[in-house]
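Below is entry.txt, which holds compact mmCIF, C-alpha atoms.
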```
# COMPACT_ATOMS: atom_id res chain seq x y z
CA MET A 1292 -68.19 -16.89 -72.61
CA LYS A 1293 -64.62 -16.91 -71.31
CA ALA A 1294 -62.76 -14.95 -68.65
CA ILE A 1295 -59.17 -13.70 -68.49
CA ILE A 1296 -57.92 -13.44 -64.91
CA ASN A 1297 -54.70 -12.22 -63.24
CA GLY A 1298 -53.88 -9.75 -65.98
CA LYS A 1299 -53.15 -6.04 -66.22
CA ILE A 1300 -55.97 -4.98 -68.54
CA ILE A 1301 -54.90 -2.18 -70.90
CA LEU A 1302 -57.83 0.11 -71.67
CA LYS A 1303 -57.66 3.18 -73.89
CA ASP A 1304 -57.23 5.53 -70.92
CA ARG A 1305 -55.81 3.43 -68.07
CA ILE A 1306 -54.57 0.02 -66.93
CA LEU A 1307 -56.74 -2.04 -64.59
CA GLU A 1308 -55.51 -4.64 -62.12
CA ASP A 1309 -57.42 -7.20 -60.06
CA LYS A 1310 -60.24 -7.27 -62.63
CA VAL A 1311 -61.55 -9.94 -64.99
CA LEU A 1312 -62.11 -9.47 -68.75
CA LEU A 1313 -65.13 -11.34 -70.08
CA TYR A 1314 -65.48 -12.14 -73.77
CA SER A 1315 -67.30 -14.27 -76.31
CA SER A 1316 -66.85 -13.23 -79.94
CA LYS A 1317 -67.23 -9.71 -78.50
CA ILE A 1318 -65.98 -8.00 -75.36
CA GLU A 1319 -68.67 -8.74 -72.76
CA GLY A 1320 -67.40 -6.64 -69.90
CA ILE A 1321 -64.93 -6.18 -67.05
CA ILE A 1322 -65.90 -7.33 -63.57
CA PRO A 1323 -64.33 -7.68 -60.10
CA LYS A 1324 -62.68 -11.02 -59.40
CA ASP A 1325 -65.20 -11.88 -56.68
CA LYS A 1326 -68.10 -11.60 -59.16
CA LEU A 1327 -66.72 -14.29 -61.47
CA ASN A 1328 -68.98 -17.26 -62.18
CA LYS A 1329 -67.02 -20.40 -61.34
CA ASP A 1330 -68.55 -22.34 -64.27
CA ILE A 1331 -66.95 -20.08 -66.89
CA GLU A 1332 -63.84 -21.05 -68.87
CA ILE A 1333 -60.78 -19.36 -67.32
CA ILE A 1334 -57.65 -18.07 -69.05
CA ASP A 1335 -54.88 -17.12 -66.63
CA ALA A 1336 -52.76 -14.14 -67.77
CA LYS A 1337 -50.28 -14.93 -64.98
CA GLY A 1338 -49.60 -11.30 -64.16
CA GLY A 1339 -48.99 -10.23 -67.75
CA TYR A 1340 -50.73 -7.60 -69.86
CA VAL A 1341 -54.12 -8.05 -71.53
CA ALA A 1342 -54.35 -5.67 -74.49
CA PRO A 1343 -56.33 -5.12 -77.67
CA GLY A 1344 -55.00 -6.79 -80.79
CA LEU A 1345 -52.50 -4.67 -82.71
CA ILE A 1346 -53.13 -3.24 -86.19
CA ASP A 1347 -50.22 -2.70 -88.62
CA LEU A 1348 -51.04 -0.16 -91.33
CA HIS A 1349 -47.75 -0.64 -93.17
CA ILE A 1350 -45.97 -3.97 -93.61
CA HIS A 1351 -44.27 -5.31 -96.75
CA GLY A 1352 -43.27 -8.79 -95.67
CA TYR A 1353 -42.20 -11.32 -93.09
CA LEU A 1354 -40.46 -14.71 -92.92
CA GLY A 1355 -38.93 -14.33 -96.38
CA CYS A 1356 -42.22 -13.46 -98.08
CA ASP A 1357 -43.06 -10.19 -99.86
CA VAL A 1358 -46.56 -8.77 -100.42
CA SER A 1359 -45.28 -7.72 -103.85
CA ASP A 1360 -44.67 -11.38 -104.74
CA GLY A 1361 -48.33 -11.43 -105.77
CA SER A 1362 -48.56 -14.87 -104.18
CA GLU A 1363 -51.33 -16.28 -101.99
CA GLU A 1364 -48.76 -18.35 -100.11
CA SER A 1365 -46.72 -15.24 -99.29
CA ILE A 1366 -49.73 -13.46 -97.78
CA ARG A 1367 -50.68 -16.55 -95.77
CA THR A 1368 -47.12 -16.86 -94.44
CA ILE A 1369 -46.95 -13.18 -93.45
CA ALA A 1370 -50.34 -13.35 -91.72
CA SER A 1371 -49.47 -16.52 -89.79
CA GLY A 1372 -46.11 -15.03 -88.75
CA ILE A 1373 -47.19 -11.63 -87.48
CA ILE A 1374 -50.03 -13.02 -85.37
CA LYS A 1375 -47.22 -14.20 -83.07
CA ASN A 1376 -46.34 -10.52 -82.64
CA GLY A 1377 -49.84 -9.64 -81.47
CA VAL A 1378 -51.02 -8.31 -84.84
CA THR A 1379 -54.69 -9.19 -85.33
CA GLY A 1380 -55.29 -7.01 -88.41
CA PHE A 1381 -52.97 -5.61 -91.08
CA LEU A 1382 -52.67 -3.83 -94.40
CA PRO A 1383 -50.37 -5.85 -96.69
CA THR A 1384 -48.29 -3.13 -98.33
CA THR A 1385 -47.18 -3.03 -101.95
CA MET A 1386 -44.14 -1.27 -103.40
CA THR A 1387 -43.44 0.88 -106.43
CA ILE A 1388 -43.11 -2.07 -108.82
CA SER A 1389 -44.58 -2.62 -112.27
CA LYS A 1390 -48.25 -1.74 -112.56
CA GLU A 1391 -48.99 -5.32 -113.63
CA ASN A 1392 -47.38 -6.71 -110.48
CA ILE A 1393 -49.15 -4.18 -108.26
CA ILE A 1394 -52.45 -5.29 -109.77
CA LYS A 1395 -51.56 -8.93 -109.22
CA SER A 1396 -50.76 -8.25 -105.55
CA LEU A 1397 -53.99 -6.28 -105.07
CA GLU A 1398 -56.05 -9.06 -106.62
CA VAL A 1399 -54.41 -11.71 -104.44
CA CYS A 1400 -55.19 -9.72 -101.28
CA ARG A 1401 -58.72 -9.09 -102.51
CA SER A 1402 -59.24 -12.82 -103.08
CA LEU A 1403 -57.96 -13.70 -99.58
CA LYS A 1404 -59.60 -10.95 -97.56
CA GLU A 1405 -62.77 -12.87 -96.65
CA GLU A 1406 -60.89 -16.11 -95.94
CA SER A 1407 -58.48 -14.23 -93.67
CA LYS A 1408 -61.31 -13.72 -91.18
CA THR A 1409 -61.17 -17.43 -90.34
CA TRP A 1410 -57.58 -18.54 -90.89
CA LYS A 1411 -54.87 -19.00 -88.24
CA GLY A 1412 -53.31 -15.64 -88.90
CA ALA A 1413 -53.82 -11.87 -88.81
CA THR A 1414 -56.86 -10.58 -90.70
CA ILE A 1415 -56.42 -8.64 -93.95
CA LEU A 1416 -58.11 -5.27 -93.43
CA GLY A 1417 -57.27 -3.99 -96.92
CA VAL A 1418 -54.08 -2.98 -98.71
CA HIS A 1419 -51.69 -0.06 -98.34
CA ALA A 1420 -50.39 0.82 -101.81
CA GLU A 1421 -47.06 2.59 -101.20
CA GLY A 1422 -46.62 4.13 -104.64
CA PRO A 1423 -46.27 4.12 -107.58
CA PHE A 1424 -47.28 7.82 -107.51
CA ILE A 1425 -44.22 9.08 -105.62
CA SER A 1426 -41.31 11.49 -106.09
CA PRO A 1427 -38.05 10.30 -107.66
CA LYS A 1428 -36.25 12.71 -105.31
CA LYS A 1429 -37.54 10.87 -102.23
CA LYS A 1430 -37.92 7.38 -103.63
CA GLY A 1431 -35.99 5.79 -100.77
CA ALA A 1432 -35.86 2.03 -101.36
CA GLN A 1433 -38.45 2.20 -104.17
CA ASP A 1434 -37.49 1.52 -107.79
CA GLU A 1435 -37.52 4.78 -109.78
CA LYS A 1436 -38.19 3.11 -113.13
CA TYR A 1437 -41.69 2.14 -111.99
CA ILE A 1438 -42.77 5.57 -110.72
CA LEU A 1439 -45.94 6.79 -112.49
CA LYS A 1440 -47.93 10.00 -112.64
CA PRO A 1441 -50.91 10.05 -110.25
CA ASP A 1442 -53.95 8.26 -111.67
CA ALA A 1443 -57.25 8.50 -109.78
CA ASN A 1444 -58.93 5.98 -112.08
CA PHE A 1445 -56.46 3.28 -111.08
CA VAL A 1446 -57.21 3.88 -107.40
CA LYS A 1447 -60.97 3.95 -108.02
CA LYS A 1448 -60.81 0.60 -109.82
CA TYR A 1449 -59.34 -1.02 -106.69
CA GLN A 1450 -61.06 1.07 -104.04
CA ASP A 1451 -62.65 -2.05 -102.54
CA ILE A 1452 -59.23 -3.37 -101.45
CA ILE A 1453 -56.95 -0.28 -101.27
CA LYS A 1454 -57.42 1.42 -97.90
CA ILE A 1455 -54.38 3.72 -98.03
CA ILE A 1456 -52.51 5.05 -101.08
CA THR A 1457 -49.14 6.75 -100.54
CA MET A 1458 -48.59 9.63 -102.98
CA ALA A 1459 -46.26 12.60 -103.42
CA PRO A 1460 -48.66 15.55 -103.66
CA GLU A 1461 -46.25 17.69 -105.68
CA MET A 1462 -46.36 15.08 -108.46
CA ASP A 1463 -50.13 15.64 -108.82
CA LYS A 1464 -50.70 18.77 -110.91
CA ASP A 1465 -53.29 21.01 -109.23
CA PHE A 1466 -53.97 18.05 -106.87
CA LYS A 1467 -56.53 16.73 -109.35
CA ALA A 1468 -56.02 13.04 -108.57
CA ILE A 1469 -55.98 13.62 -104.81
CA SER A 1470 -59.20 15.65 -105.01
CA GLU A 1471 -60.90 13.02 -107.16
CA ILE A 1472 -59.88 10.13 -104.90
CA ARG A 1473 -61.11 12.05 -101.87
CA LYS A 1474 -64.42 12.94 -103.56
CA ASP A 1475 -65.24 9.58 -105.17
CA THR A 1476 -63.82 6.96 -102.80
CA ASN A 1477 -63.13 6.13 -99.14
CA VAL A 1478 -59.45 5.48 -99.91
CA ILE A 1479 -57.15 7.40 -97.55
CA VAL A 1480 -54.60 9.48 -99.42
CA SER A 1481 -51.31 9.53 -97.50
CA MET A 1482 -48.43 11.81 -98.38
CA GLY A 1483 -45.10 10.06 -98.43
CA HIS A 1484 -41.94 9.63 -100.51
CA THR A 1485 -42.42 13.32 -101.19
CA ASP A 1486 -40.23 16.39 -101.63
CA ALA A 1487 -43.17 18.78 -101.34
CA THR A 1488 -42.72 22.21 -99.82
CA TYR A 1489 -44.54 23.09 -96.64
CA GLU A 1490 -47.02 25.15 -98.67
CA GLU A 1491 -47.69 22.30 -101.11
CA ALA A 1492 -48.15 19.83 -98.31
CA ILE A 1493 -50.55 22.07 -96.38
CA GLU A 1494 -52.59 22.71 -99.53
CA ALA A 1495 -52.70 18.97 -100.16
CA THR A 1496 -54.15 18.40 -96.68
CA ASN A 1497 -56.85 20.94 -97.52
CA VAL A 1498 -57.91 19.10 -100.68
CA GLY A 1499 -57.77 15.47 -99.60
CA VAL A 1500 -54.60 14.18 -97.91
CA LEU A 1501 -55.60 12.67 -94.56
CA HIS A 1502 -52.51 10.73 -93.50
CA ALA A 1503 -48.71 10.68 -93.71
CA THR A 1504 -46.51 7.69 -94.49
CA HIS A 1505 -43.59 6.88 -92.12
CA THR A 1506 -43.16 10.41 -90.78
CA PHE A 1507 -39.64 11.88 -91.10
CA ASN A 1508 -38.51 9.14 -93.53
CA ALA A 1509 -38.42 9.85 -97.28
CA MET A 1510 -39.93 13.35 -97.04
CA SER A 1511 -38.76 16.96 -96.99
CA PRO A 1512 -37.54 17.58 -93.43
CA LEU A 1513 -38.42 20.19 -90.83
CA ASN A 1514 -36.21 23.25 -91.16
CA HIS A 1515 -36.69 26.55 -89.40
CA ARG A 1516 -36.94 28.41 -92.72
CA ASN A 1517 -38.41 25.60 -94.80
CA PRO A 1518 -40.79 23.58 -92.60
CA GLY A 1519 -41.28 20.94 -95.32
CA VAL A 1520 -43.68 18.01 -95.19
CA VAL A 1521 -42.73 17.25 -91.59
CA GLY A 1522 -43.76 20.77 -90.61
CA ALA A 1523 -47.06 20.33 -92.43
CA ILE A 1524 -47.73 17.07 -90.56
CA PHE A 1525 -47.08 18.80 -87.26
CA ASN A 1526 -49.22 21.82 -88.15
CA SER A 1527 -52.27 19.98 -89.52
CA ASN A 1528 -54.86 17.55 -88.23
CA ILE A 1529 -53.86 14.56 -90.37
CA SER A 1530 -52.91 11.21 -88.89
CA CYS A 1531 -49.38 9.94 -89.32
CA GLU A 1532 -47.24 6.82 -89.16
CA LEU A 1533 -44.02 6.33 -87.24
CA ILE A 1534 -41.54 3.48 -87.61
CA VAL A 1535 -40.67 2.68 -84.00
CA ASP A 1536 -37.60 0.46 -84.33
CA THR A 1537 -35.31 3.10 -82.67
CA PHE A 1538 -33.28 3.34 -85.91
CA HIS A 1539 -35.54 5.04 -88.47
CA VAL A 1540 -36.45 7.79 -86.00
CA ALA A 1541 -34.39 8.77 -82.97
CA PRO A 1542 -36.17 7.84 -79.71
CA ALA A 1543 -35.71 11.42 -78.48
CA LEU A 1544 -38.44 12.40 -80.95
CA TYR A 1545 -41.06 10.00 -79.55
CA ASP A 1546 -42.26 12.38 -76.85
CA ILE A 1547 -42.22 15.36 -79.22
CA ILE A 1548 -44.35 13.80 -81.94
CA TYR A 1549 -46.75 12.30 -79.41
CA LYS A 1550 -47.29 15.71 -77.79
CA LEU A 1551 -48.01 17.19 -81.23
CA LYS A 1552 -50.13 14.43 -82.77
CA GLY A 1553 -51.76 12.60 -79.83
CA ASP A 1554 -54.42 10.17 -81.03
CA LYS A 1555 -53.42 10.83 -84.66
CA LEU A 1556 -50.14 8.94 -84.15
CA CYS A 1557 -49.90 5.38 -85.49
CA PHE A 1558 -46.97 3.05 -84.89
CA ILE A 1559 -46.00 0.88 -87.86
CA THR A 1560 -43.31 -1.67 -88.62
CA ASP A 1561 -42.64 -1.06 -92.35
CA CYS A 1562 -41.35 -4.62 -91.98
CA LEU A 1563 -39.55 -6.26 -94.90
CA PRO A 1564 -39.31 -9.95 -95.91
CA ALA A 1565 -36.26 -10.28 -93.62
CA GLY A 1566 -38.55 -9.90 -90.59
CA GLY A 1567 -38.41 -12.94 -88.33
CA LEU A 1568 -35.26 -14.24 -90.05
CA PRO A 1569 -31.46 -14.04 -89.42
CA ASP A 1570 -29.19 -11.35 -90.84
CA GLY A 1571 -28.51 -11.81 -94.55
CA ASN A 1572 -29.33 -10.79 -98.10
CA TYR A 1573 -32.99 -10.59 -99.16
CA THR A 1574 -35.12 -8.95 -101.86
CA LEU A 1575 -37.90 -6.37 -101.69
CA GLY A 1576 -39.97 -5.63 -104.77
CA GLY A 1577 -37.20 -7.22 -106.82
CA GLN A 1578 -34.39 -5.16 -105.27
CA GLU A 1579 -31.70 -6.80 -103.15
CA PHE A 1580 -31.10 -5.51 -99.62
CA ILE A 1581 -28.97 -6.46 -96.64
CA SER A 1582 -30.46 -7.05 -93.20
CA LYS A 1583 -28.01 -6.59 -90.33
CA GLY A 1584 -29.09 -6.04 -86.74
CA ILE A 1585 -32.04 -3.63 -86.78
CA GLU A 1586 -30.92 -2.04 -90.08
CA CYS A 1587 -32.00 -2.92 -93.63
CA ARG A 1588 -30.22 -1.25 -96.55
CA LEU A 1589 -30.11 -1.57 -100.31
CA LEU A 1590 -26.72 -2.53 -101.72
CA ASP A 1591 -25.95 1.17 -102.35
CA GLY A 1592 -26.50 1.92 -98.65
CA THR A 1593 -30.00 3.41 -98.97
CA ILE A 1594 -32.04 2.75 -95.82
CA ALA A 1595 -34.98 0.45 -96.53
CA GLY A 1596 -37.72 -0.69 -94.12
CA SER A 1597 -37.30 -2.62 -90.90
CA ILE A 1598 -37.43 -6.06 -89.35
CA LEU A 1599 -39.54 -4.74 -86.48
CA LYS A 1600 -42.19 -6.73 -84.65
CA LEU A 1601 -45.07 -4.42 -83.73
CA ASN A 1602 -45.28 -5.59 -80.10
CA ASN A 1603 -41.57 -4.73 -79.74
CA GLY A 1604 -42.24 -1.34 -81.34
CA VAL A 1605 -44.86 -0.56 -78.71
CA PHE A 1606 -42.43 -1.46 -75.94
CA ASN A 1607 -39.56 0.45 -77.63
CA VAL A 1608 -41.56 3.66 -77.30
CA TYR A 1609 -42.67 2.88 -73.75
CA LYS A 1610 -39.05 2.30 -72.66
CA ASN A 1611 -37.66 5.33 -74.50
CA SER A 1612 -40.26 8.00 -73.70
CA HIS A 1613 -42.57 9.37 -71.04
CA ILE A 1614 -45.65 8.10 -72.91
CA PRO A 1615 -47.88 5.84 -70.75
CA LEU A 1616 -48.08 2.23 -71.85
CA PHE A 1617 -51.80 2.45 -72.57
CA GLU A 1618 -51.12 5.33 -74.99
CA CYS A 1619 -48.32 3.36 -76.65
CA VAL A 1620 -50.80 0.53 -77.15
CA ASN A 1621 -53.39 2.98 -78.54
CA CYS A 1622 -50.85 4.04 -81.16
CA ALA A 1623 -50.73 0.46 -82.44
CA SER A 1624 -54.41 -0.42 -82.01
CA LEU A 1625 -57.07 2.24 -81.48
CA ASN A 1626 -55.42 4.99 -83.50
CA PRO A 1627 -54.91 2.80 -86.61
CA ALA A 1628 -58.50 1.57 -86.21
CA LYS A 1629 -59.65 5.20 -86.26
CA VAL A 1630 -57.66 5.84 -89.45
CA LEU A 1631 -59.43 2.89 -91.11
CA GLY A 1632 -62.84 3.88 -89.74
CA ILE A 1633 -63.28 0.61 -87.84
CA ASP A 1634 -62.82 1.88 -84.29
CA ASP A 1635 -66.49 1.09 -83.58
CA LYS A 1636 -65.50 -2.60 -83.82
CA LYS A 1637 -61.77 -2.84 -83.17
CA GLY A 1638 -58.83 -1.17 -81.46
CA SER A 1639 -59.75 -1.30 -77.76
CA LEU A 1640 -61.21 -3.58 -75.10
CA GLU A 1641 -64.56 -1.82 -74.94
CA LEU A 1642 -67.94 -3.44 -74.41
CA GLY A 1643 -69.40 -4.80 -77.64
CA LYS A 1644 -66.26 -4.54 -79.73
CA ASP A 1645 -64.71 -7.57 -81.44
CA ALA A 1646 -62.80 -9.75 -79.00
CA ASP A 1647 -59.40 -9.16 -80.61
CA ILE A 1648 -57.15 -9.62 -77.59
CA ILE A 1649 -53.51 -10.31 -76.84
CA ILE A 1650 -51.95 -11.57 -73.63
CA THR A 1651 -48.28 -10.70 -73.12
CA ASP A 1652 -45.60 -11.02 -70.49
CA GLU A 1653 -44.08 -8.10 -68.57
CA ASN A 1654 -41.89 -7.20 -71.56
CA PHE A 1655 -44.83 -7.23 -73.97
CA GLN A 1656 -43.80 -10.53 -75.56
CA VAL A 1657 -46.92 -12.19 -76.91
CA LEU A 1658 -48.17 -15.34 -75.21
CA LYS A 1659 -51.64 -15.59 -76.75
CA THR A 1660 -53.46 -13.92 -79.65
CA ILE A 1661 -57.24 -14.07 -79.85
CA ILE A 1662 -59.29 -12.85 -82.82
CA GLY A 1663 -63.06 -12.61 -82.61
CA GLY A 1664 -62.95 -14.62 -79.41
CA VAL A 1665 -61.05 -17.52 -81.02
CA LEU A 1666 -57.55 -18.43 -79.82
CA LYS A 1667 -55.39 -18.19 -82.95
CA TYR A 1668 -51.89 -18.34 -81.43
CA GLU A 1669 -50.37 -19.58 -78.22
CA ALA A 1670 -46.66 -19.44 -77.42
```

Now, as a test, write the supplied structure out as C-alpha cells.
Amino acid sequence: MKAIINGKIILKDRILEDKVLLYSSKIEGIIPKDKLNKDIEIIDAKGGYVAPGLIDLHIHGYLGCDVSDGSEESIRTIASGIIKNGVTGFLPTTMTISKENIIKSLEVCRSLKEESKTWKGATILGVHAEGPFISPKKKGAQDEKYILKPDANFVKKYQDIIKIITMAPEMDKDFKAISEIRKDTNVIVSMGHTDATYEEAIEATNVGVLHATHTFNAMSPLNHRNPGVVGAIFNSNISCELIVDTFHVAPALYDIIYKLKGDKLCFITDCLPAGGLPDGNYTLGGQEFISKGIECRLLDGTIAGSILKLNNGVFNVYKNSHIPLFECVNCASLNPAKVLGIDDKKGSLELGKDADIIITDENFQVLKTIIGGVLKYEA
C-alpha cells in the first residue's frame, strides 16, 4: 500500500485538505495525517491536487498520429502522449473515412485493448466511431464522399470494441438502425454531425439515442422558433460532450450547459494529430488542416477539432465559470465513466475503485499519473 500526503484530494462532491489517500491497485481509503503508518511508502503531492484519472471519450490523435491511420504505432504514441495530460482511459476516435480503413482502425484498437492495460500509456476503453453515418449538411471536417447510410449490422459486428457511434438520426429512416443498435447491443448511439429538427432529435432520444457528440458543434443550433438538436439535448436526459478549449464553444455557455445537464456533461478534447506539436500543416483522416494557436481548420476554413489537453480543458472551465473544481473534474472523469457504464470501477477516488490517480500542481498541470496503482508517468 502507498500513501499520498500534502495534497488537495478532489472527491466527487468536495475537496479535502490535510488528509492522506491510501491506495494499492485499488483506492484503500482516506485517513487523517496523524493516523498514517510510518512504514508505508509516501508520495508527497507538495500542496497540489490529487484527482481521479481523466477519461477522454473523443480524441482523434496526438503527437502527429491519427487513430484513422489504422496503425498500432499510432495508437501507442497517442496513449503514451496523453497520459502526460492526466488521461488514464480513452476512446480512440475514428473519422468518416473509407469503410475499409474504419475497419482496419477498429481491428487495431481491438488487438491492443488488452495490452493497453499494462503499457506505459492511457488505457483503451473502446472506440468512438464518429461516422460514417452522418449528415452531409453538417459534415464539418469529415469527408463527404465516405458518408454512408446507417447500418446496424456493421455496428453489431464490432460491438465488442465500439463503445460510442456518432450518427445523424435524420439519415436513419424510421430510426430503424438506431432502434436495432439499442435493442441488440450495448453500443451508445450519439447524435452528432446532424441537421435534425428538434422533433426528430427528441424522437431519436425516445428510441435509442443516449448521448450527443460535441454539443453545439456540427448540429442544428438552438433557435427560439426552431430549437434544433441543441434544444433537444437541453430538453432530454441524454448525456453530452463539450469541447472545452474556449474556441469551439464560448466560455459564457459553460455555466448554462452545466446548470442544464449536470452530471450528464462530459468534457472532451476532440484532439487532432497536431496535439502536442507546434503550429503547422497536418492531416486528419487524409484531409489537410492547419493548426494555429488553439484553432484547427481545413484549408477551406472549416473548423476541425482541437489541440486541447484534457487537464487544460478542466482548468479552462474552472477559470471561466462558477462551476466548482470538483465538478469540473467530474465532467472529465466520473461523468464519462457513467456514460461507459464503468463508474463502479473508475471515475472517482472512492473506496474499492481502481487506483487511477493524477497529481497536479496548482494550475492542474500533471506531475504524476497512476493507473491501477502503478506509476505510469512522472514529470

| query | Quick one, how far is atom CA of A:Ala1509 from atom CA of A:Gly1522? | reply |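 Value for the atom CA of A:Ala1509-atom CA of A:Gly1522 distance: 13.9 Å.
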
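Proximity to A:Val1620 was assessed for A:Glu1398, A:Asp1554, A:Asp1451, A:Asp1325 counting only C-alpha atoms; the smallest distance is recorded for A:Asp1554.
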
| Contacts of A:Thr1476 within 7 Å, all atoms listed in the file, excl. fewer than 4 positions in-chain, as a list in words |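 Contacts, in chain order: Lys1447, Gln1450 and Ile1472 of chain A.
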
So which residues are close to (-48.0, -7.7, -72.3), meaning at most 10 Å away in the file's coordinates with only C-alpha atoms counted, and can you show them as a tab-separated table (two decimals) with C-alpha atoms, in the frame of the given file?
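Done, and the output landed in point-v7.tsv:
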```tsv
chain	number	residue	atom	x	y	z
A	1298	GLY	CA	-53.88	-9.75	-65.98
A	1299	LYS	CA	-53.15	-6.04	-66.22
A	1300	ILE	CA	-55.97	-4.98	-68.54
A	1301	ILE	CA	-54.90	-2.18	-70.90
A	1336	ALA	CA	-52.76	-14.14	-67.77
A	1338	GLY	CA	-49.60	-11.30	-64.16
A	1339	GLY	CA	-48.99	-10.23	-67.75
A	1340	TYR	CA	-50.73	-7.60	-69.86
A	1341	VAL	CA	-54.12	-8.05	-71.53
A	1342	ALA	CA	-54.35	-5.67	-74.49
A	1377	GLY	CA	-49.84	-9.64	-81.47
A	1602	ASN	CA	-45.28	-5.59	-80.10
A	1606	PHE	CA	-42.43	-1.46	-75.94
A	1616	LEU	CA	-48.08	2.23	-71.85
A	1620	VAL	CA	-50.80	0.53	-77.15
A	1649	ILE	CA	-53.51	-10.31	-76.84
A	1650	ILE	CA	-51.95	-11.57	-73.63
A	1651	THR	CA	-48.28	-10.70	-73.12
A	1652	ASP	CA	-45.60	-11.02	-70.49
A	1653	GLU	CA	-44.08	-8.10	-68.57
A	1654	ASN	CA	-41.89	-7.20	-71.56
A	1655	PHE	CA	-44.83	-7.23	-73.97
A	1656	GLN	CA	-43.80	-10.53	-75.56
A	1657	VAL	CA	-46.92	-12.19	-76.91
A	1658	LEU	CA	-48.17	-15.34	-75.21
A	1659	LYS	CA	-51.64	-15.59	-76.75
```

| said: Set the distance at 12 Å and use only C-alpha atoms: which residues neighbour A:Leu1551 once local chain neighbours fewer than 5 positions away are removed? I'd like the list as a ChimeraX atom specification. | reply: /A:1521-1531,1544-1546,1556

| task | For A:Asp1357, please output as a PyMOL selection string all residues within 7 Å (counting only C-alpha atoms; exclusion window: fewer than 4 positions along the same chain). | result | chain A and resi 1351-1353+1365+1564+1575

| query | Separation of atom CA of A:Gly1380 and atom CA of A:Leu1416, in Å? | reply |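 Straight-line distance from atom CA of A:Gly1380 to atom CA of A:Leu1416 works out to 6.0 Å.
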
| message | I want to know what sits within 9 Å of stretch 1369-1374 of chain A, based on all atoms listed in the file, with residues of the same chain fewer than 4 positions away left out; could you give that as a list in words? | response |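 Selected residues are His1351, Gly1352, Tyr1353, Leu1354, Gly1355, Cys1356, Asp1357, Val1358, Glu1364, Ser1365, Val1378, Thr1379, Gly1380, Phe1381, Pro1383, Ser1407, Trp1410, Lys1411, Gly1412, Ala1413, Thr1414, Ile1415, Pro1564, Gly1567, Lys1600, Leu1601, Thr1660, Lys1667 and Tyr1668 of chain A.
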
| Neighbours of A:Gly1643 within 9 Å (only C-alpha atoms; same-chain residues fewer than 4 positions away dropped), as a PyMOL selection string? | chain A and resi 1317-1320+1635-1636

Give one line per residue of stretch 1469-1568 of chain A that approaches stretch 1437-1445 of chain A to at most 12 Å, naming the two atoms of the closest pair and their distance in Å to one decimal, counting all atoms listed in the file; sort by chain then ascending residue number and deliver it as a Markdown table.
```
| residue | atom | partner | partner_atom | distance |
| --- | --- | --- | --- | --- |
| A:Ile1469 | CA | A:Ala1443 | CA | 7.2 |
| A:Ser1470 | CA | A:Ala1443 | CA | 8.8 |
| A:Glu1471 | CA | A:Ala1443 | CA | 6.4 |
| A:Ile1472 | CA | A:Ala1443 | CA | 5.8 |
| A:Arg1473 | CA | A:Ala1443 | CA | 9.5 |
| A:Lys1474 | CA | A:Ala1443 | CA | 10.5 |
| A:Asp1475 | CA | A:Ala1443 | CA | 9.3 |
| A:Thr1476 | CA | A:Ala1443 | CA | 9.7 |
| A:Val1478 | CA | A:Ala1443 | CA | 10.6 |
| A:Val1480 | CA | A:Ala1443 | CA | 10.7 |
| A:His1484 | CA | A:Ile1438 | CA | 11.0 |
```

Dump of C-alpha atoms for the selected residues, as a PDB file, in the frame of the given file:
```
ATOM      1  CA  ILE A1469     -55.980  13.620-104.810  1.00  0.00           C
ATOM      2  CA  SER A1470     -59.200  15.650-105.010  1.00  0.00           C
ATOM      3  CA  GLU A1471     -60.900  13.020-107.160  1.00  0.00           C
ATOM      4  CA  ILE A1472     -59.880  10.130-104.900  1.00  0.00           C
ATOM      5  CA  ARG A1473     -61.110  12.050-101.870  1.00  0.00           C
ATOM      6  CA  LYS A1474     -64.420  12.940-103.560  1.00  0.00           C
ATOM      7  CA  ASP A1475     -65.240   9.580-105.170  1.00  0.00           C
ATOM      8  CA  THR A1476     -63.820   6.960-102.800  1.00  0.00           C
ATOM      9  CA  VAL A1478     -59.450   5.480 -99.910  1.00  0.00           C
ATOM     10  CA  VAL A1480     -54.600   9.480 -99.420  1.00  0.00           C
ATOM     11  CA  HIS A1484     -41.940   9.630-100.510  1.00  0.00           C
TER      12      HIS A1484
END
```

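Nearest-residue note for A:Leu1589: choosing from A:Leu1302, A:Leu1313, A:Leu1563, A:Ala1503, the minimum distance belongs to A:Leu1563, counting all atoms listed in the file.
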
| Separation of atom CA of A:Ile1534 and atom CA of A:Ile1559, in Å? |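 These atoms are spaced 5.2 Å apart.
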